[in-house]
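Engineer: start12.txt is reproduced in full below (compact mmCIF, C-alpha atoms and all ligand atoms).
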```txt
# COMPACT_ATOMS: atom_id res chain seq x y z
CA PRO S 1 30.76 -20.38 18.75
CA THR S 2 31.25 -23.13 16.17
CA PRO S 3 29.12 -22.78 13.07
CA PRO S 4 26.06 -25.07 13.09
CA GLY S 5 26.54 -26.17 9.50
CA PRO S 6 28.69 -25.73 6.44
CA TYR S 7 28.75 -21.93 6.53
CA SER S 8 30.84 -19.77 8.82
CA ARG S 9 30.16 -16.48 7.05
CA VAL S 10 27.25 -15.47 4.84
CA ILE S 11 26.05 -12.43 2.98
CA LEU S 12 22.35 -11.80 3.41
CA LYS S 13 20.87 -9.63 0.70
CA LEU S 14 17.73 -7.87 1.88
CA SER S 15 15.73 -5.89 -0.60
CA GLY S 16 14.31 -2.55 0.41
CA GLU S 17 10.81 -3.86 -0.11
CA SER S 18 11.30 -6.17 2.87
CA PHE S 19 11.15 -3.01 4.99
CA ALA S 20 7.68 -2.00 3.84
CA LYS S 21 4.31 -3.70 4.14
CA LYS S 22 3.37 -5.62 1.03
CA GLY S 23 2.47 -3.26 -1.80
CA GLU S 24 3.58 -0.20 0.16
CA ARG S 25 6.69 1.95 0.07
CA GLY S 26 8.87 3.57 2.69
CA ILE S 27 9.86 2.05 6.00
CA ASP S 28 7.64 0.24 8.47
CA MET S 29 9.64 -0.35 11.66
CA GLU S 30 7.46 -3.32 12.58
CA GLU S 31 8.65 -5.09 9.43
CA VAL S 32 12.24 -4.02 10.05
CA VAL S 33 12.23 -5.28 13.64
CA HIS S 34 10.70 -8.57 12.50
CA ILE S 35 13.47 -9.17 9.99
CA ALA S 36 16.08 -7.95 12.49
CA THR S 37 14.86 -10.47 15.06
CA GLN S 38 15.06 -13.31 12.58
CA THR S 39 18.53 -12.28 11.49
CA PHE S 40 19.81 -11.91 15.05
CA ARG S 41 18.59 -15.42 15.88
CA ALA S 42 20.41 -16.75 12.86
CA GLN S 43 23.60 -14.99 13.84
CA GLN S 44 23.38 -16.37 17.36
CA LEU S 45 23.63 -19.87 15.91
CA GLY S 46 27.28 -19.01 15.33
CA VAL S 47 27.34 -17.78 11.75
CA GLU S 48 28.87 -14.44 10.80
CA ILE S 49 26.38 -12.34 8.90
CA ALA S 50 26.90 -9.26 6.77
CA ILE S 51 23.74 -7.74 5.35
CA VAL S 52 23.68 -5.92 2.04
CA ILE S 53 20.63 -3.71 2.10
CA GLY S 54 18.69 -2.49 -0.94
CA GLY S 55 16.79 0.73 -1.41
CA GLY S 56 13.90 -0.13 -3.68
CA ASN S 57 11.29 0.75 -1.05
CA ILE S 58 12.44 4.34 -1.40
CA LEU S 59 13.89 4.76 -4.88
CA ARG S 60 15.30 2.74 -7.76
CA GLY S 61 17.44 4.70 -10.17
CA ALA S 62 16.26 3.07 -13.38
CA GLN S 63 12.57 3.39 -12.49
CA PHE S 64 12.96 6.96 -11.32
CA THR S 65 14.48 8.12 -14.61
CA ALA S 66 12.12 6.21 -16.90
CA GLY S 67 10.31 8.87 -18.93
CA ASN S 68 11.91 11.61 -16.91
CA SER S 69 14.36 13.70 -18.92
CA SER S 70 14.96 16.29 -16.20
CA ILE S 71 17.25 14.03 -14.20
CA HIS S 72 20.36 12.22 -15.33
CA GLU S 73 20.14 8.50 -14.78
CA ALA S 74 23.41 8.48 -12.83
CA THR S 75 21.98 11.04 -10.40
CA ALA S 76 18.97 8.82 -9.80
CA HIS S 77 21.26 5.88 -9.12
CA TYR S 78 23.12 7.93 -6.52
CA MET S 79 19.77 8.76 -4.97
CA GLY S 80 19.07 5.03 -4.83
CA MET S 81 22.39 4.41 -3.11
CA LEU S 82 21.55 7.04 -0.51
CA ALA S 83 18.21 5.31 0.01
CA THR S 84 20.11 2.19 1.08
CA VAL S 85 21.84 4.24 3.77
CA ILE S 86 18.46 5.40 5.08
CA ASN S 87 17.40 1.75 5.26
CA GLY S 88 20.70 0.82 6.86
CA LEU S 89 20.13 3.28 9.69
CA ALA S 90 16.67 1.85 10.31
CA LEU S 91 18.01 -1.69 10.30
CA GLN S 92 20.85 -0.80 12.65
CA ASP S 93 18.49 0.54 15.28
CA ALA S 94 16.10 -2.36 14.81
CA LEU S 95 18.94 -4.82 15.38
CA GLU S 96 20.13 -2.91 18.41
CA SER S 97 16.61 -2.82 19.83
CA VAL S 98 16.63 -6.61 19.92
CA GLY S 99 20.03 -6.73 21.59
CA CYS S 100 22.34 -7.22 18.64
CA GLU S 101 25.63 -5.43 18.21
CA THR S 102 25.96 -3.91 14.76
CA ARG S 103 28.07 -1.69 12.58
CA LEU S 104 26.81 0.25 9.61
CA MET S 105 29.32 0.64 6.81
CA SER S 106 28.75 2.63 3.66
CA ALA S 107 30.37 2.41 0.24
CA ILE S 108 29.71 6.13 -0.11
CA LYS S 109 31.61 8.13 2.47
CA MET S 110 29.19 9.56 4.97
CA ASP S 111 30.97 10.58 8.14
CA GLY S 112 28.75 10.89 11.16
CA VAL S 113 26.27 8.35 9.85
CA ALA S 114 28.23 5.28 8.85
CA GLU S 115 31.76 3.94 8.88
CA PRO S 116 33.49 3.83 5.52
CA PHE S 117 33.62 0.31 4.11
CA ILE S 118 37.09 -1.06 4.70
CA ARG S 119 37.38 -4.74 3.99
CA ARG S 120 39.67 -5.63 6.87
CA ARG S 121 37.65 -3.65 9.32
CA ALA S 122 34.43 -5.28 8.16
CA LYS S 123 36.01 -8.69 8.72
CA ARG S 124 37.10 -7.71 12.21
CA HIS S 125 33.56 -6.62 13.08
CA LEU S 126 32.24 -9.96 11.88
CA GLU S 127 34.84 -11.88 13.84
CA LYS S 128 33.83 -9.96 16.95
CA GLY S 129 30.26 -11.14 16.54
CA ARG S 130 28.73 -7.98 15.16
CA ILE S 131 26.23 -7.98 12.35
CA VAL S 132 27.66 -5.72 9.69
CA ILE S 133 25.21 -3.74 7.57
CA LEU S 134 26.63 -2.79 4.21
CA ALA S 135 24.92 0.23 2.69
CA GLY S 136 25.64 2.43 -0.32
CA GLY S 137 25.70 -0.51 -2.71
CA THR S 138 28.91 -0.62 -4.71
CA GLY S 139 29.27 3.14 -4.53
CA ALA S 140 28.94 3.31 -8.31
CA PRO S 141 25.83 3.91 -10.48
CA PHE S 142 24.11 1.69 -13.06
CA VAL S 143 24.11 -1.49 -11.02
CA THR S 144 21.93 -2.66 -8.16
CA THR S 145 22.60 -3.82 -4.65
CA ASP S 146 22.61 -7.40 -5.99
CA THR S 147 25.95 -6.61 -7.57
CA ALA S 148 27.07 -5.08 -4.29
CA ALA S 149 26.04 -8.29 -2.50
CA ALA S 150 28.07 -10.42 -4.91
CA GLN S 151 31.10 -8.15 -4.64
CA LYS S 152 30.96 -7.98 -0.86
CA ALA S 153 30.54 -11.73 -0.62
CA LEU S 154 33.73 -12.15 -2.62
CA GLU S 155 35.64 -9.48 -0.72
CA LEU S 156 34.61 -10.84 2.65
CA GLU S 157 35.05 -14.45 1.56
CA ALA S 158 31.53 -15.45 2.43
CA ASP S 159 30.52 -19.06 1.85
CA ILE S 160 27.22 -18.22 0.18
CA LEU S 161 25.06 -15.34 -0.95
CA LEU S 162 21.63 -15.65 0.59
CA LYS S 163 19.09 -13.64 -1.34
CA ALA S 164 15.94 -13.07 0.69
CA THR S 165 12.78 -12.53 -1.34
CA ARG S 166 9.02 -12.46 -0.81
CA VAL S 167 8.51 -15.57 -2.91
CA ASP S 168 9.84 -19.05 -2.25
CA GLY S 169 12.54 -19.08 -4.91
CA VAL S 170 13.10 -18.61 -8.62
CA TYR S 171 10.10 -19.44 -10.78
CA THR S 172 9.40 -20.09 -14.44
CA ALA S 173 7.16 -17.00 -14.36
CA ASP S 174 6.12 -14.42 -11.75
CA PRO S 175 4.29 -16.56 -9.15
CA GLU S 176 2.43 -13.51 -7.84
CA LYS S 177 0.86 -13.05 -11.28
CA ASP S 178 0.88 -16.47 -12.93
CA ASP S 179 -0.67 -19.49 -11.19
CA SER S 180 1.03 -21.98 -13.49
CA ALA S 181 4.51 -20.79 -12.49
CA THR S 182 6.70 -23.53 -11.01
CA MET S 183 9.79 -23.12 -8.85
CA TYR S 184 13.26 -24.29 -9.78
CA LYS S 185 15.11 -26.15 -7.02
CA ASP S 186 18.53 -26.04 -8.62
CA LEU S 187 19.84 -23.81 -11.36
CA LYS S 188 23.16 -23.30 -13.02
CA TYR S 189 24.56 -19.82 -13.50
CA VAL S 190 24.40 -20.31 -17.27
CA ASP S 191 20.69 -21.20 -17.09
CA VAL S 192 20.06 -17.92 -15.31
CA GLN S 193 22.02 -16.04 -17.95
CA GLN S 194 20.64 -17.80 -21.00
CA GLN S 195 17.03 -17.84 -19.87
CA ASN S 196 17.30 -14.35 -18.46
CA LEU S 197 15.76 -15.54 -15.17
CA ARG S 198 15.02 -12.92 -12.58
CA VAL S 199 17.44 -14.03 -9.89
CA MET S 200 19.77 -11.08 -9.58
CA ASP S 201 21.08 -8.50 -12.02
CA PRO S 202 23.42 -9.84 -14.75
CA THR S 203 26.57 -8.29 -13.28
CA ALA S 204 25.90 -10.01 -9.98
CA ILE S 205 25.39 -13.38 -11.67
CA ALA S 206 28.60 -12.93 -13.66
CA HIS S 207 30.57 -12.25 -10.45
CA CYS S 208 29.14 -15.29 -8.70
CA MET S 209 29.74 -17.52 -11.72
CA GLU S 210 33.31 -16.39 -12.18
CA HIS S 211 34.15 -17.13 -8.57
CA ASN S 212 31.89 -20.09 -8.04
CA LEU S 213 29.98 -18.40 -5.24
CA PRO S 214 26.72 -20.26 -4.54
CA ILE S 215 23.48 -18.30 -4.34
CA MET S 216 20.35 -19.36 -2.52
CA VAL S 217 17.11 -17.51 -3.19
CA PHE S 218 14.62 -18.09 -0.40
CA ASN S 219 11.52 -16.68 1.26
CA TYR S 220 12.35 -14.49 4.26
CA ARG S 221 8.72 -14.10 5.19
CA GLU S 222 8.45 -17.60 6.54
CA ASP S 223 9.45 -17.49 10.21
CA GLY S 224 12.73 -19.26 10.89
CA ASN S 225 13.84 -19.32 7.28
CA ILE S 226 16.83 -17.04 7.79
CA GLU S 227 18.00 -19.41 10.55
CA ARG S 228 17.41 -22.43 8.31
CA ALA S 229 19.29 -20.79 5.47
CA VAL S 230 22.39 -19.94 7.50
CA ARG S 231 22.35 -23.42 9.01
CA GLY S 232 22.80 -24.80 5.52
CA GLU S 233 19.34 -26.19 4.94
CA THR S 234 18.23 -26.25 1.34
CA LEU S 235 15.37 -23.86 0.79
CA GLY S 236 14.03 -22.25 -2.33
CA THR S 237 16.37 -22.20 -5.29
CA ARG S 238 20.09 -22.82 -5.30
CA VAL S 239 22.24 -21.42 -8.09
CA THR S 240 25.62 -23.05 -8.58
CA SER S 241 28.01 -23.99 -11.38
N1 LIG Y 301 22.33 1.54 -6.83
C1 LIG Y 301 23.43 1.88 -7.61
N2 LIG Y 301 24.62 1.24 -7.40
C2 LIG Y 301 24.77 0.24 -6.51
C3 LIG Y 301 23.65 -0.13 -5.74
C4 LIG Y 301 22.45 0.52 -5.92
O1 LIG Y 301 23.34 2.76 -8.45
O2 LIG Y 301 25.86 -0.30 -6.38
C5 LIG Y 301 21.07 2.27 -6.98
C6 LIG Y 301 20.21 1.73 -8.12
O3 LIG Y 301 19.57 2.81 -8.73
C7 LIG Y 301 19.21 0.87 -7.39
C8 LIG Y 301 18.97 1.64 -6.11
O4 LIG Y 301 20.28 2.14 -5.80
O5 LIG Y 301 18.02 0.69 -8.12
C9 LIG Y 301 18.42 0.85 -4.95
O6 LIG Y 301 19.00 -0.43 -4.87
P1 LIG Y 301 18.24 -1.76 -5.35
O7 LIG Y 301 17.38 -1.47 -6.52
O8 LIG Y 301 19.27 -2.80 -5.53
O9 LIG Y 301 17.35 -2.08 -4.09
P2 LIG Y 301 16.43 -3.36 -3.79
O10 LIG Y 301 15.74 -3.75 -5.06
O11 LIG Y 301 17.33 -4.44 -3.33
O12 LIG Y 301 15.53 -2.89 -2.72
```
As structure tokens - that is how I would like this structure written.
Structural biologist:
Amino acid sequence: PTPPGPYSRVILKLSGESFAKKGERGIDMEEVVHIATQTFRAQQLGVEIAIVIGGGNILRGAQFTAGNSSIHEATAHYMGMLATVINGLALQDALESVGCETRLMSAIKMDGVAEPFIRRRAKRHLEKGRIVILAGGTGAPFVTTDTAAAQKALELEADILLKATRVDGVYTADPEKDDSATMYKDLKYVDVQQQNLRVMDPTAIAHCMEHNLPIMVFNYREDGNIERAVRGETLGTRVTS
């Protein structure tokens, strides 16, 4: 099908927390199926979608090692990467349960569970109309899946990086804690860097800036927003050059 808007291929970054009920951890399949349904609808509009999945609902390396000298930080980061594979498996079945063809690819080799990430193969899957789930992050410690999302967007030549969050966009302060926080509609990469805004980790921002890859931070919890985002509607906050 012809794309409904300016984008033919997008990277959707889903955080692990989108798989749990608000304030909880772990995986709630009801939440996963909900997000899978929304994503499948968006893909059916005729836009190729690769999802980079986080692992924060299970474990984040930096948090896990804080004040914990009995584990090396790198080990904890690997644990976090494995958490994304656990989420990827849940998402794959959720997508399949709503009738969507998917492939799970991992940056960490895990035969029997996921295909290895091979750029050309990932592109083929997308061209064939499959939603590709990219797990394992970058395969390397000390970064987050935001960096993986930026890298994969560049590798797969996506038109935009769509970062799904629980809030409407990027704010001057945490809107869940500060009532006076206001949302930015447009930001430049340098604003994000200089003001240290919580959009994505610094490595991810640097990648996007260097390659002029637009980012849109939007609220996935509003029904239909994933469809609106892939259609090219302006939601939340856009980060560009
Ligand atoms: N991680 C990593 N390298 C990567 C991607 C992820 O070491 O390329 C680890 C890191 O510890 C991270 C954890 O995996 O905290 C889970 O990913 P992330 O925090 O990005 O998940 P999200 O916040 O999106 O749920």
Engineer: Find the residue from S:Ala107, S:Val98, S:Ile133, S:Ile35 that sits nearest to ligand LIG 301 (chain Y); use all atoms listed in the file when measuring.
Structural biologist: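 Closest candidate: S:Ala107.
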Engineer: I'd like the contact shell of Ala114 of chain S - 12 Å cut-off, all atoms listed in the file, skipping same-chain residues fewer than 6 positions apart - returned as a ChimeraX atom specification.
Structural biologist: /S:82,84-89,92,102-108,132-136
Engineer: Given all atoms listed in the file, how would the per-residue table for chain S near ligand LIG 301 (chain Y) read, listing every residue at most 10 Å away with its closest atom pair and distance in Å to one decimal, sorted by chain and number, as a Markdown table?
Structural biologist:
```
| residue | atom | partner | partner_atom | distance |
| --- | --- | --- | --- | --- |
| S:Lys13 | CA | Y:LIG301 | O11 | 7.5 |
| S:Leu14 | CA | Y:LIG301 | O11 | 6.3 |
| S:Ser15 | CA | Y:LIG301 | O11 | 3.5 |
| S:Gly16 | CA | Y:LIG301 | O12 | 3.4 |
| S:Glu17 | CA | Y:LIG301 | O12 | 5.5 |
| S:Ser18 | CA | Y:LIG301 | O12 | 7.7 |
| S:Phe19 | CA | Y:LIG301 | O12 | 8.9 |
| S:Val52 | CA | Y:LIG301 | O11 | 8.4 |
| S:Ile53 | CA | Y:LIG301 | O11 | 6.4 |
| S:Gly54 | CA | Y:LIG301 | O11 | 3.4 |
| S:Gly55 | CA | Y:LIG301 | C9 | 3.9 |
| S:Gly56 | CA | Y:LIG301 | O12 | 3.3 |
| S:Asn57 | CA | Y:LIG301 | O12 | 5.8 |
| S:Ile58 | CA | Y:LIG301 | C9 | 7.8 |
| S:Leu59 | CA | Y:LIG301 | C9 | 6.0 |
| S:Arg60 | CA | Y:LIG301 | O5 | 3.4 |
| S:Gly61 | CA | Y:LIG301 | O3 | 3.2 |
| S:Ala62 | CA | Y:LIG301 | O3 | 5.7 |
| S:Gln63 | CA | Y:LIG301 | O5 | 7.5 |
| S:Phe64 | CA | Y:LIG301 | O3 | 8.2 |
| S:Thr65 | CA | Y:LIG301 | O3 | 9.4 |
| S:Glu73 | CA | Y:LIG301 | O3 | 8.3 |
| S:Ala74 | CA | Y:LIG301 | O1 | 7.2 |
| S:Thr75 | CA | Y:LIG301 | O1 | 8.6 |
| S:Ala76 | CA | Y:LIG301 | O3 | 6.1 |
| S:His77 | CA | Y:LIG301 | O3 | 3.5 |
| S:Tyr78 | CA | Y:LIG301 | O1 | 5.5 |
| S:Met79 | CA | Y:LIG301 | O4 | 6.7 |
| S:Gly80 | CA | Y:LIG301 | O4 | 3.3 |
| S:Met81 | CA | Y:LIG301 | O4 | 4.1 |
| S:Leu82 | CA | Y:LIG301 | O4 | 7.3 |
| S:Ala83 | CA | Y:LIG301 | C9 | 6.7 |
| S:Thr84 | CA | Y:LIG301 | C9 | 6.4 |
| S:Val85 | CA | Y:LIG301 | O4 | 9.9 |
| S:Asn87 | CA | Y:LIG301 | O12 | 9.4 |
| S:Ala107 | CA | Y:LIG301 | O2 | 8.5 |
| S:Ile108 | CA | Y:LIG301 | O2 | 9.8 |
| S:Ala135 | CA | Y:LIG301 | C3 | 8.5 |
| S:Gly136 | CA | Y:LIG301 | C3 | 6.3 |
| S:Gly137 | CA | Y:LIG301 | C3 | 3.7 |
| S:Thr138 | CA | Y:LIG301 | O2 | 3.5 |
| S:Gly139 | CA | Y:LIG301 | O2 | 5.2 |
| S:Ala140 | CA | Y:LIG301 | N2 | 4.9 |
| S:Pro141 | CA | Y:LIG301 | O1 | 3.4 |
| S:Phe142 | CA | Y:LIG301 | O1 | 4.8 |
| S:Val143 | CA | Y:LIG301 | N2 | 4.6 |
| S:Thr144 | CA | Y:LIG301 | O8 | 3.7 |
| S:Thr145 | CA | Y:LIG301 | O8 | 3.6 |
| S:Asp146 | CA | Y:LIG301 | O8 | 5.7 |
| S:Thr147 | CA | Y:LIG301 | O2 | 6.4 |
| S:Ala148 | CA | Y:LIG301 | O2 | 5.4 |
| S:Ala149 | CA | Y:LIG301 | O2 | 8.9 |
| S:Gln151 | CA | Y:LIG301 | O2 | 9.6 |
| S:Lys163 | CA | Y:LIG301 | O11 | 9.6 |
| S:Ala164 | CA | Y:LIG301 | O11 | 9.6 |
| S:Thr165 | CA | Y:LIG301 | O11 | 9.5 |
| S:Met200 | CA | Y:LIG301 | O8 | 9.2 |
| S:Asp201 | CA | Y:LIG301 | O8 | 8.8 |
```
Engineer: Quick one: residues within 12 Å of Glu127 of chain S, only C-alpha atoms counted, chain neighbours fewer than 2 positions away excluded, as a list of chain:residue names?
Structural biologist: S:Pro1, S:Ser8, S:Arg9, S:Gln43, S:Gly46, S:Val47, S:Glu48, S:Ile49, S:Ala50, S:Thr102, S:Arg120, S:Arg121, S:Ala122, S:Lys123, S:Arg124, S:His125, S:Gly129, S:Arg130, S:Ile131, S:Val132, S:Leu156
Engineer: Looking at S:Gln194, S:Asn68, S:Gln38, S:Thr182, which one is nearest to Cys100 of chain S, with distances taken over all atoms listed in the file?
Structural biologist: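 Nearest to Cys100 of chain S: S:Gln38.
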Engineer: Give the answer as one residue: which of S:Glu155, S:Glu233, S:Ala150, S:Asp178 has the shortest atom-to-atom distance to Thr203 of chain S, using only C-alpha atoms?
Structural biologist: S:Ala150
Engineer: Distance cut-off 6 Å, centre (24.6, -22.1, -16.1) in file coordinates, counting only C-alpha atoms: which residues qualify? Return them as a list of chain:residue names.
Structural biologist: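 Output: S:Lys188, S:Tyr189, S:Val190, S:Asp191.
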Engineer: Name the closest residue to Ala90 of chain S among the candidates S:Leu197, S:Val167, S:Val33, S:Cys208; distances are taken between atoms, counting all atoms listed in the file.
Structural biologist: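 Looking at the shortest contact to Ala90 of chain S, the residue is S:Val33.
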Engineer: Check the smallest atom-to-atom distance from each of S:Lys185, S:Arg119, S:Lys128, S:His211 to Glu101 of chain S using all atoms listed in the file, then report the winner.
Structural biologist: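 Looking only at the distances to Glu101 of chain S, the closest residue turns out to be S:Lys128.
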Engineer: So how far away is atom CA of Val230 of chain S from atom CA of Thr2 of chain S, in Å?
Structural biologist: 12.8 Å
Engineer: Env of Leu187 of chain S: 10 Å cut, atoms = only C-alpha atoms, seq-sep filter 4 positions within chain, self excluded. Answer as a PyMOL selection string.
Structural biologist: chain S and resi 170+191-192+197+215-216+237-241
Engineer: Store the residues picked out above, limited to C-alpha atoms, as a compact mmCIF listing (two decimals), keeping the file's coordinate frame.
Structural biologist:
```txt
# COMPACT_ATOMS: atom_id res chain seq x y z
CA VAL S 170 13.10 -18.61 -8.62
CA ASP S 191 20.69 -21.20 -17.09
CA VAL S 192 20.06 -17.92 -15.31
CA LEU S 197 15.76 -15.54 -15.17
CA ILE S 215 23.48 -18.30 -4.34
CA MET S 216 20.35 -19.36 -2.52
CA THR S 237 16.37 -22.20 -5.29
CA ARG S 238 20.09 -22.82 -5.30
CA VAL S 239 22.24 -21.42 -8.09
CA THR S 240 25.62 -23.05 -8.58
CA SER S 241 28.01 -23.99 -11.38
```
Engineer: Would you mind listing what lies within 10 Å of Arg231 of chain S as a short mmCIF file (atom, residue, chain, number, x, y, z; two decimals) with C-alpha atoms, in the frame of the given file, with only C-alpha atoms counted and same-chain residues fewer than 3 positions away left out?
Structural biologist:
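Generated output (part_21.cif):
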```cif
data_model
loop_
_atom_site.label_atom_id
_atom_site.label_comp_id
_atom_site.auth_asym_id
_atom_site.auth_seq_id
_atom_site.Cartn_x
_atom_site.Cartn_y
_atom_site.Cartn_z
CA PRO S 3 29.12 -22.78 13.07
CA PRO S 4 26.06 -25.07 13.09
CA GLY S 5 26.54 -26.17 9.50
CA PRO S 6 28.69 -25.73 6.44
CA TYR S 7 28.75 -21.93 6.53
CA SER S 8 30.84 -19.77 8.82
CA ALA S 42 20.41 -16.75 12.86
CA GLN S 43 23.60 -14.99 13.84
CA LEU S 45 23.63 -19.87 15.91
CA GLY S 46 27.28 -19.01 15.33
CA VAL S 47 27.34 -17.78 11.75
CA ASN S 225 13.84 -19.32 7.28
CA ILE S 226 16.83 -17.04 7.79
CA GLU S 227 18.00 -19.41 10.55
CA ARG S 228 17.41 -22.43 8.31
CA THR S 234 18.23 -26.25 1.34
#
```
Engineer: Would you work out the distance separating atom CA of Lys21 of chain S from atom CA of Asp168 of chain S, expressed in Å to one decimal?
Structural biologist: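 So the answer is 17.5 Å.
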Engineer: One decimal, in Å: what's the spacing between atom CA of Leu126 of chain S and atom CA of Asp93 of chain S?
Structural biologist: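 Separation between atom CA of Leu126 of chain S and atom CA of Asp93 of chain S: 17.6 Å.
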Engineer: Taking all atoms listed in the file into account, name the residue in S:Asn219, S:Pro202, S:Leu91, S:Ser70 that is nearest to Val32 of chain S.
Structural biologist: S:Leu91
